[in-house]
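J.: Handing over run.cif, mmCIF, C-alpha atoms.
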```cif
data_final
#
loop_
_atom_site.label_atom_id
_atom_site.label_comp_id
_atom_site.auth_asym_id
_atom_site.auth_seq_id
_atom_site.Cartn_x
_atom_site.Cartn_y
_atom_site.Cartn_z
CA MET A 1 -19.95 -21.84 2.76
CA THR A 2 -16.89 -23.39 1.13
CA ALA A 3 -13.61 -22.97 2.96
CA ARG A 4 -10.83 -20.98 1.33
CA ASP A 5 -7.17 -21.61 0.67
CA LEU A 6 -4.50 -19.04 1.38
CA LYS A 7 -2.47 -18.18 -1.70
CA GLU A 8 0.71 -16.25 -1.05
CA LEU A 9 1.09 -12.93 -2.89
CA SER A 10 4.31 -11.80 -4.48
CA GLN A 11 5.96 -8.79 -2.86
CA ALA A 12 5.16 -6.69 -5.94
CA ASP A 13 1.46 -7.66 -5.88
CA ALA A 14 1.28 -7.06 -2.12
CA LEU A 15 2.70 -3.52 -2.41
CA ARG A 16 0.43 -2.78 -5.37
CA LEU A 17 -2.67 -3.81 -3.38
CA LEU A 18 -1.50 -1.83 -0.36
CA ALA A 19 -1.03 1.27 -2.53
CA GLY A 20 -4.53 0.83 -3.97
CA THR A 21 -6.37 1.00 -0.67
CA PRO A 22 -6.55 4.17 1.46
CA LEU A 23 -6.86 2.57 4.87
CA GLY A 24 -4.61 0.36 6.97
CA ARG A 25 -3.68 -0.38 10.56
CA ILE A 26 -0.37 0.48 12.17
CA VAL A 27 0.76 -2.10 14.72
CA PHE A 28 3.39 -1.27 17.33
CA THR A 29 4.66 -2.19 20.74
CA ARG A 30 4.07 0.04 23.76
CA HIS A 31 5.44 -0.85 27.18
CA ALA A 32 6.11 -4.30 25.74
CA LEU A 33 2.42 -4.71 24.86
CA PRO A 34 0.95 -4.98 21.36
CA ALA A 35 -1.05 -1.97 20.14
CA VAL A 36 -2.88 -1.14 16.91
CA ARG A 37 -4.53 1.94 15.35
CA PRO A 38 -6.42 2.30 12.05
CA VAL A 39 -5.08 5.11 9.87
CA ASN A 40 -5.33 6.30 6.27
CA HIS A 41 -2.15 6.07 4.23
CA ILE A 42 -0.49 6.46 0.85
CA VAL A 43 2.42 4.54 -0.68
CA VAL A 44 5.19 6.73 -2.17
CA ASP A 45 8.29 5.18 -3.77
CA GLY A 46 7.58 1.94 -1.94
CA HIS A 47 7.29 3.64 1.48
CA ILE A 48 4.10 3.84 3.51
CA VAL A 49 3.28 7.41 4.56
CA ILE A 50 0.81 8.38 7.28
CA ARG A 51 -0.08 11.55 9.18
CA SER A 52 -0.47 11.79 12.89
CA ASN A 53 -1.22 14.16 15.74
CA PRO A 54 1.96 15.18 17.64
CA GLY A 55 0.31 14.12 20.93
CA THR A 56 -0.18 10.47 19.95
CA VAL A 57 1.99 7.55 21.02
CA ILE A 58 2.98 6.98 17.39
CA SER A 59 4.23 10.56 16.96
CA ALA A 60 5.71 11.01 20.42
CA GLU A 61 7.26 7.59 21.09
CA VAL A 62 7.18 5.12 18.19
CA ALA A 63 8.45 7.22 15.26
CA PRO A 64 11.05 9.30 17.18
CA ALA A 65 12.63 6.05 18.39
CA GLY A 66 12.77 4.63 14.85
CA ALA A 67 10.82 1.64 16.16
CA VAL A 68 9.85 -1.36 14.09
CA VAL A 69 6.15 -1.41 13.29
CA ALA A 70 3.83 -3.57 11.24
CA PHE A 71 1.29 -2.16 8.84
CA GLU A 72 -1.69 -4.24 7.76
CA ALA A 73 -4.31 -3.58 5.10
CA ASP A 74 -6.94 -5.89 3.74
CA GLU A 75 -10.01 -6.04 1.56
CA LEU A 76 -11.96 -9.07 2.66
CA ASP A 77 -15.49 -9.74 1.48
CA VAL A 78 -17.40 -11.10 4.46
CA ALA A 79 -20.22 -12.56 2.34
CA GLU A 80 -17.99 -14.26 -0.24
CA ARG A 81 -15.02 -14.91 2.05
CA LEU A 82 -12.69 -13.78 -0.69
CA GLY A 83 -10.13 -11.00 -0.76
CA TRP A 84 -6.60 -10.25 0.35
CA SER A 85 -4.48 -9.07 3.26
CA VAL A 86 -1.02 -7.50 3.19
CA ILE A 87 1.36 -7.13 6.12
CA VAL A 88 4.47 -4.96 5.98
CA THR A 89 7.08 -4.80 8.72
CA GLY A 90 9.60 -1.98 8.84
CA VAL A 91 11.05 0.98 10.66
CA ALA A 92 8.83 4.04 11.25
CA ARG A 93 10.45 7.48 11.29
CA LEU A 94 9.27 11.08 11.50
CA VAL A 95 9.82 12.99 8.27
CA GLU A 96 11.92 15.83 9.66
CA ASP A 97 12.74 17.70 6.46
CA PRO A 98 10.10 20.48 6.24
CA GLU A 99 9.94 20.52 2.43
CA GLU A 100 9.59 16.77 2.19
CA ALA A 101 6.91 16.77 4.90
CA ALA A 102 5.05 19.54 3.05
CA LEU A 103 5.07 17.48 -0.17
CA TYR A 104 3.58 14.49 1.63
CA ARG A 105 0.97 16.68 3.34
CA GLU A 106 -0.19 17.89 -0.06
CA ARG A 107 -0.80 14.33 -1.20
CA LEU A 108 -2.30 12.86 1.97
CA THR A 109 -5.34 14.34 3.70
CA PRO A 110 -6.08 12.86 7.13
CA TRP A 111 -9.61 11.60 7.68
CA VAL A 112 -9.61 12.91 11.23
CA ALA A 113 -9.98 16.63 12.01
CA GLY A 114 -7.46 18.46 14.19
CA GLU A 115 -3.73 18.94 14.17
CA MET A 116 -2.41 16.03 12.07
CA ASP A 117 0.79 17.75 10.96
CA GLN A 118 3.28 15.06 11.78
CA VAL A 119 4.32 12.96 8.80
CA ILE A 120 5.60 9.43 9.41
CA ARG A 121 7.23 7.17 6.85
CA ILE A 122 7.57 3.40 7.14
CA ARG A 123 10.33 1.72 5.14
CA PRO A 124 9.24 -1.86 4.40
CA GLU A 125 11.80 -4.50 5.40
CA MET A 126 9.46 -7.45 5.01
CA VAL A 127 6.34 -7.62 2.85
CA THR A 128 3.96 -10.57 3.02
CA GLY A 129 0.45 -11.03 1.75
CA PHE A 130 -2.13 -13.61 0.90
CA GLU A 131 -5.23 -13.99 -1.15
CA LEU A 132 -8.23 -16.09 -0.12
CA VAL A 133 -9.05 -18.38 -3.05
CA PRO A 134 -11.57 -21.23 -3.41
CA ALA A 135 -10.08 -24.33 -1.73
CA ALA A 136 -8.79 -27.11 -3.93
CA SER A 137 -11.28 -29.98 -3.62
CA MET B 1 -14.36 15.66 1.83
CA THR B 2 -15.13 16.92 5.33
CA ALA B 3 -12.83 15.77 8.11
CA ARG B 4 -14.24 13.61 10.88
CA ASP B 5 -14.12 13.76 14.65
CA LEU B 6 -13.35 10.72 16.78
CA LYS B 7 -16.12 9.97 19.27
CA GLU B 8 -15.21 7.50 21.97
CA LEU B 9 -17.44 4.43 22.27
CA SER B 10 -18.58 3.02 25.59
CA GLN B 11 -17.16 -0.38 26.49
CA ALA B 12 -20.62 -1.94 26.05
CA ASP B 13 -21.07 -0.43 22.58
CA ALA B 14 -17.55 -1.46 21.57
CA LEU B 15 -18.12 -5.10 22.57
CA ARG B 16 -21.52 -5.11 20.85
CA LEU B 17 -19.98 -3.88 17.58
CA LEU B 18 -17.12 -6.38 17.86
CA ALA B 19 -19.63 -9.22 18.36
CA GLY B 20 -21.59 -8.07 15.30
CA THR B 21 -18.73 -8.37 12.83
CA PRO B 22 -17.18 -11.72 11.82
CA LEU B 23 -13.66 -10.52 11.06
CA GLY B 24 -10.88 -8.95 13.12
CA ARG B 25 -7.12 -8.83 13.40
CA ILE B 26 -5.10 -10.39 16.19
CA VAL B 27 -2.01 -8.36 17.12
CA PHE B 28 0.85 -9.91 19.04
CA THR B 29 4.55 -9.64 19.72
CA ARG B 30 7.03 -12.10 18.29
CA HIS B 31 10.74 -11.87 19.02
CA ALA B 32 9.99 -8.41 20.42
CA LEU B 33 8.54 -7.34 17.04
CA PRO B 34 4.93 -6.40 16.34
CA ALA B 35 2.91 -8.88 14.28
CA VAL B 36 -0.68 -9.02 13.02
CA ARG B 37 -2.97 -11.59 11.34
CA PRO B 38 -6.56 -11.23 10.10
CA VAL B 39 -8.89 -13.91 11.49
CA ASN B 40 -12.62 -14.58 11.80
CA HIS B 41 -14.00 -14.60 15.34
CA ILE B 42 -17.04 -14.82 17.57
CA VAL B 43 -17.71 -13.20 20.93
CA VAL B 44 -18.99 -15.56 23.64
CA ASP B 45 -19.76 -14.33 27.18
CA GLY B 46 -17.62 -11.26 26.53
CA HIS B 47 -14.61 -13.31 25.36
CA ILE B 48 -13.23 -13.28 21.83
CA VAL B 49 -12.90 -16.79 20.39
CA ILE B 50 -10.85 -17.68 17.30
CA ARG B 51 -9.65 -20.90 15.66
CA SER B 52 -6.15 -21.55 14.50
CA ASN B 53 -3.87 -24.12 12.94
CA PRO B 54 -1.62 -25.84 15.53
CA GLY B 55 1.44 -24.96 13.43
CA THR B 56 0.96 -21.19 13.59
CA VAL B 57 2.84 -18.80 15.85
CA ILE B 58 -0.42 -17.92 17.59
CA SER B 59 -1.16 -21.57 18.44
CA ALA B 60 2.39 -22.68 19.15
CA GLU B 61 3.85 -19.64 20.94
CA VAL B 62 1.41 -16.85 21.77
CA ALA B 63 -1.55 -18.72 23.31
CA PRO B 64 0.47 -21.40 25.18
CA ALA B 65 2.43 -18.61 26.90
CA GLY B 66 -0.77 -16.80 27.92
CA ALA B 67 0.61 -13.74 26.14
CA VAL B 68 -1.12 -10.39 25.98
CA VAL B 69 -2.56 -9.68 22.54
CA ALA B 70 -4.64 -6.94 20.98
CA PHE B 71 -7.63 -7.63 18.79
CA GLU B 72 -8.91 -5.00 16.37
CA ALA B 73 -12.05 -4.91 14.28
CA ASP B 74 -13.49 -2.07 12.28
CA GLU B 75 -16.14 -1.19 9.75
CA LEU B 76 -14.95 1.94 8.01
CA ASP B 77 -16.63 3.31 4.90
CA VAL B 78 -13.86 4.54 2.62
CA ALA B 79 -16.20 6.67 0.48
CA GLU B 80 -18.04 8.34 3.38
CA ARG B 81 -15.19 8.21 5.89
CA LEU B 82 -17.63 7.10 8.56
CA GLY B 83 -17.64 3.99 10.72
CA TRP B 84 -16.06 2.57 13.84
CA SER B 85 -13.04 0.73 15.17
CA VAL B 86 -12.73 -1.33 18.35
CA ILE B 87 -9.51 -2.44 20.03
CA VAL B 88 -9.43 -5.01 22.80
CA THR B 89 -6.32 -5.91 24.79
CA GLY B 90 -6.18 -9.08 26.86
CA VAL B 91 -4.61 -12.44 27.53
CA ALA B 92 -4.89 -15.16 24.86
CA ARG B 93 -5.09 -18.79 25.98
CA LEU B 94 -5.64 -22.17 24.36
CA VAL B 95 -8.99 -23.71 25.31
CA GLU B 96 -7.68 -27.00 26.72
CA ASP B 97 -10.93 -28.55 27.90
CA PRO B 98 -12.04 -30.85 25.03
CA GLU B 99 -15.78 -30.40 25.64
CA GLU B 100 -15.50 -26.64 25.81
CA ALA B 101 -13.34 -26.56 22.67
CA ALA B 102 -15.90 -28.75 20.87
CA LEU B 103 -18.71 -26.34 21.80
CA TYR B 104 -16.77 -23.40 20.35
CA ARG B 105 -15.91 -25.36 17.21
CA GLU B 106 -19.62 -25.96 16.61
CA ARG B 107 -20.28 -22.23 16.69
CA LEU B 108 -17.26 -20.95 14.78
CA THR B 109 -16.35 -22.15 11.29
CA PRO B 110 -12.92 -21.02 10.09
CA TRP B 111 -12.81 -19.30 6.70
CA VAL B 112 -9.56 -21.03 5.85
CA ALA B 113 -9.44 -24.72 4.88
CA GLY B 114 -7.16 -27.18 6.65
CA GLU B 115 -6.59 -28.20 10.22
CA MET B 116 -7.92 -25.31 12.28
CA ASP B 117 -8.73 -27.33 15.39
CA GLN B 118 -7.04 -25.19 17.98
CA VAL B 119 -9.45 -22.91 19.84
CA ILE B 120 -8.08 -19.73 21.42
CA ARG B 121 -9.93 -17.45 23.79
CA ILE B 122 -9.01 -13.83 24.53
CA ARG B 123 -10.21 -12.35 27.82
CA PRO B 124 -10.58 -8.58 27.35
CA GLU B 125 -8.77 -6.52 29.97
CA MET B 126 -9.09 -3.22 28.15
CA VAL B 127 -11.72 -2.30 25.57
CA THR B 128 -11.54 0.94 23.60
CA GLY B 129 -13.32 2.08 20.51
CA PHE B 130 -14.22 5.12 18.50
CA GLU B 131 -16.70 6.22 15.94
CA LEU B 132 -15.91 8.60 13.08
CA VAL B 133 -18.56 11.34 13.15
CA PRO B 134 -18.94 14.57 11.13
CA ALA B 135 -16.55 17.16 12.65
CA ALA B 136 -18.05 19.98 14.70
CA SER B 137 -17.77 23.15 12.58
#
```
What does the file become when written as structure tokens?
T.:
Amino acid sequence: MTARDLKELSQADALRLLAGTPLGRIVFTRHALPAVRPVNHIVVDGHIVIRSNPGTVISAEVAPAGAVVAFEADELDVAERLGWSVIVTGVARLVEDPEEAALYRERLTPWVAGEMDQVIRIRPEMVTGFELVPAAS
Amino acid sequence: MTARDLKELSQADALRLLAGTPLGRIVFTRHALPAVRPVNHIVVDGHIVIRSNPGTVISAEVAPAGAVVAFEADELDVAERLGWSVIVTGVARLVEDPEEAALYRERLTPWVAGEMDQVIRIRPEMVTGFELVPAAS
């Protein structure tokens, strides 16, 4: 299998790819330790929007504190070793306005059953991404 | 689309699934901020092994410090909304013994071209995982 080169994506391409995939992983710090959870998302006006159960660490600790999180999504073909990965870093906040939260809830159905009423929005501060491309010989 | 329930995986099942997939994401803290990178891996004797370029943050800062990292892998079917995710937390360290590092390098080919000679081993301290299953009605 030929090795691949990493080709940097523009910020616009990275956000477009992120918006085109329904699933990512939110990365945060808890008790000074790194933590990660897969979650389905949408991108609205350049912000990442997710839903969460009020009992989770993300709803109860991360978003209320306005903590910095990372959000990663990728589509990587294991057989071909081609694809892309996008990483966004930004502040996560609970959407407190009831009407705004209701609008997001209409557009974003959680995959997981149960009370997933909390809406969290991540404002990207830094967007990076790469594509795996055939290596220059 | 029916919502899914989360079914917790046993530690043994979680490690078996992690060993059966070639690709994960290493999650670490840099300057107190969460960071994440996709990387291909193998599991050897219950440890996660990855390769890295000496110039990266993981090789130059995270592993030399023996920092705690998380490692996430998943296989989630976007159409069916079924699949699994595994999250391991543990200490990352450079494999300093040249013979041991050479053995790992024989078994693990990096996807990315270039100098990927550094071998890093993560010793799992905490292993969690879940499966998405059809929700109980």
J.: Taking 4 positions as the minimum chain separation for residues in the same chain, which residues sit within 8 Å of stretch 7-20 of chain A when counting only C-alpha atoms? Answer as a PyMOL selection string.
T.: chain A and resi 42-43+46+73-74+86+127-133
J.: Write the residues of the selection above to a file with C-alpha atoms, as a PDB file, in the frame of the given file.
T.:
```
ATOM      1  CA  ILE A  42      -0.490   6.460   0.850  1.00  0.00           C
ATOM      2  CA  VAL A  43       2.420   4.540  -0.680  1.00  0.00           C
ATOM      3  CA  GLY A  46       7.580   1.940  -1.940  1.00  0.00           C
ATOM      4  CA  ALA A  73      -4.310  -3.580   5.100  1.00  0.00           C
ATOM      5  CA  ASP A  74      -6.940  -5.890   3.740  1.00  0.00           C
ATOM      6  CA  VAL A  86      -1.020  -7.500   3.190  1.00  0.00           C
ATOM      7  CA  VAL A 127       6.340  -7.620   2.850  1.00  0.00           C
ATOM      8  CA  THR A 128       3.960 -10.570   3.020  1.00  0.00           C
ATOM      9  CA  GLY A 129       0.450 -11.030   1.750  1.00  0.00           C
ATOM     10  CA  PHE A 130      -2.130 -13.610   0.900  1.00  0.00           C
ATOM     11  CA  GLU A 131      -5.230 -13.990  -1.150  1.00  0.00           C
ATOM     12  CA  LEU A 132      -8.230 -16.090  -0.120  1.00  0.00           C
ATOM     13  CA  VAL A 133      -9.050 -18.380  -3.050  1.00  0.00           C
TER      14      VAL A 133
END
```
J.: Interatomic distance between atom CA of A:Glu100 and atom CA of A:Asn40?
T.: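 Here the two named atoms are 18.7 Å from each other.
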J.: What are the residues of chain B that have an atom within 9 Å of an atom of chain A, counting all atoms listed in the file, as a PyMOL selection string?
T.: chain B and resi 1-6+21-23+27-29+32-38+68-72+74+76+78+81+85+87+89+109-114+132+135
J.: From the options B:Gly24, B:Leu108, B:Ala102, B:Val91, which residue's atoms come nearest to B:Glu125, counting all atoms listed in the file?
T.: B:Val91
J.: Would you work out the distance separating atom CA of A:Ile58 from atom CA of B:Glu80, expressed in Å to one decimal?
T.: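 Atom-to-atom, atom CA of A:Ile58 and atom CA of B:Glu80 are spaced 25.3 Å apart.
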J.: Enclose stretch 87-106 of chain B, meaning all of its atoms listed in the file, in a box aligned along x, y and z, pad it by 8 Å on each side, and list the centre and edge lengths in Å to one decimal, as lines of an AutoDock Vina configuration file.
T.:
```
center_x = -12.1
center_y = -16.6
center_z = 22.3
size_x = 31.0
size_y = 44.4
size_z = 27.3
```
J.: Just to confirm, what's the straight-line distance from atom CA of A:Gly66 to atom CA of B:Val62 in Å (one decimal)?
T.: 25.3 Å
J.: Could you tell me which of A:Ile120, A:Gly83, A:Arg93, A:Ala65 comes closest to A:Asn53 if we count all atoms listed in the file?
T.: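 Checking each of A:Ile120, A:Gly83, A:Arg93, A:Ala65 against A:Asn53, counting all atoms listed in the file, the winner is A:Ile120.
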J.: For the file shown, what are the residues hit by the PyMOL selection byres ((chain B and resi 105) around 10), laid out as a ChimeraX atom specification?
T.: /B:49-51,99-104,106-110,116-119
J.: Rank A:Glu75, A:Glu115, A:Asp97, A:Ala92 by their smallest atom-to-atom distance to A:Thr56, using only C-alpha atoms, and report the top residue only.
T.: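 Among the listed residues, A:Glu115 lies closest to A:Thr56.
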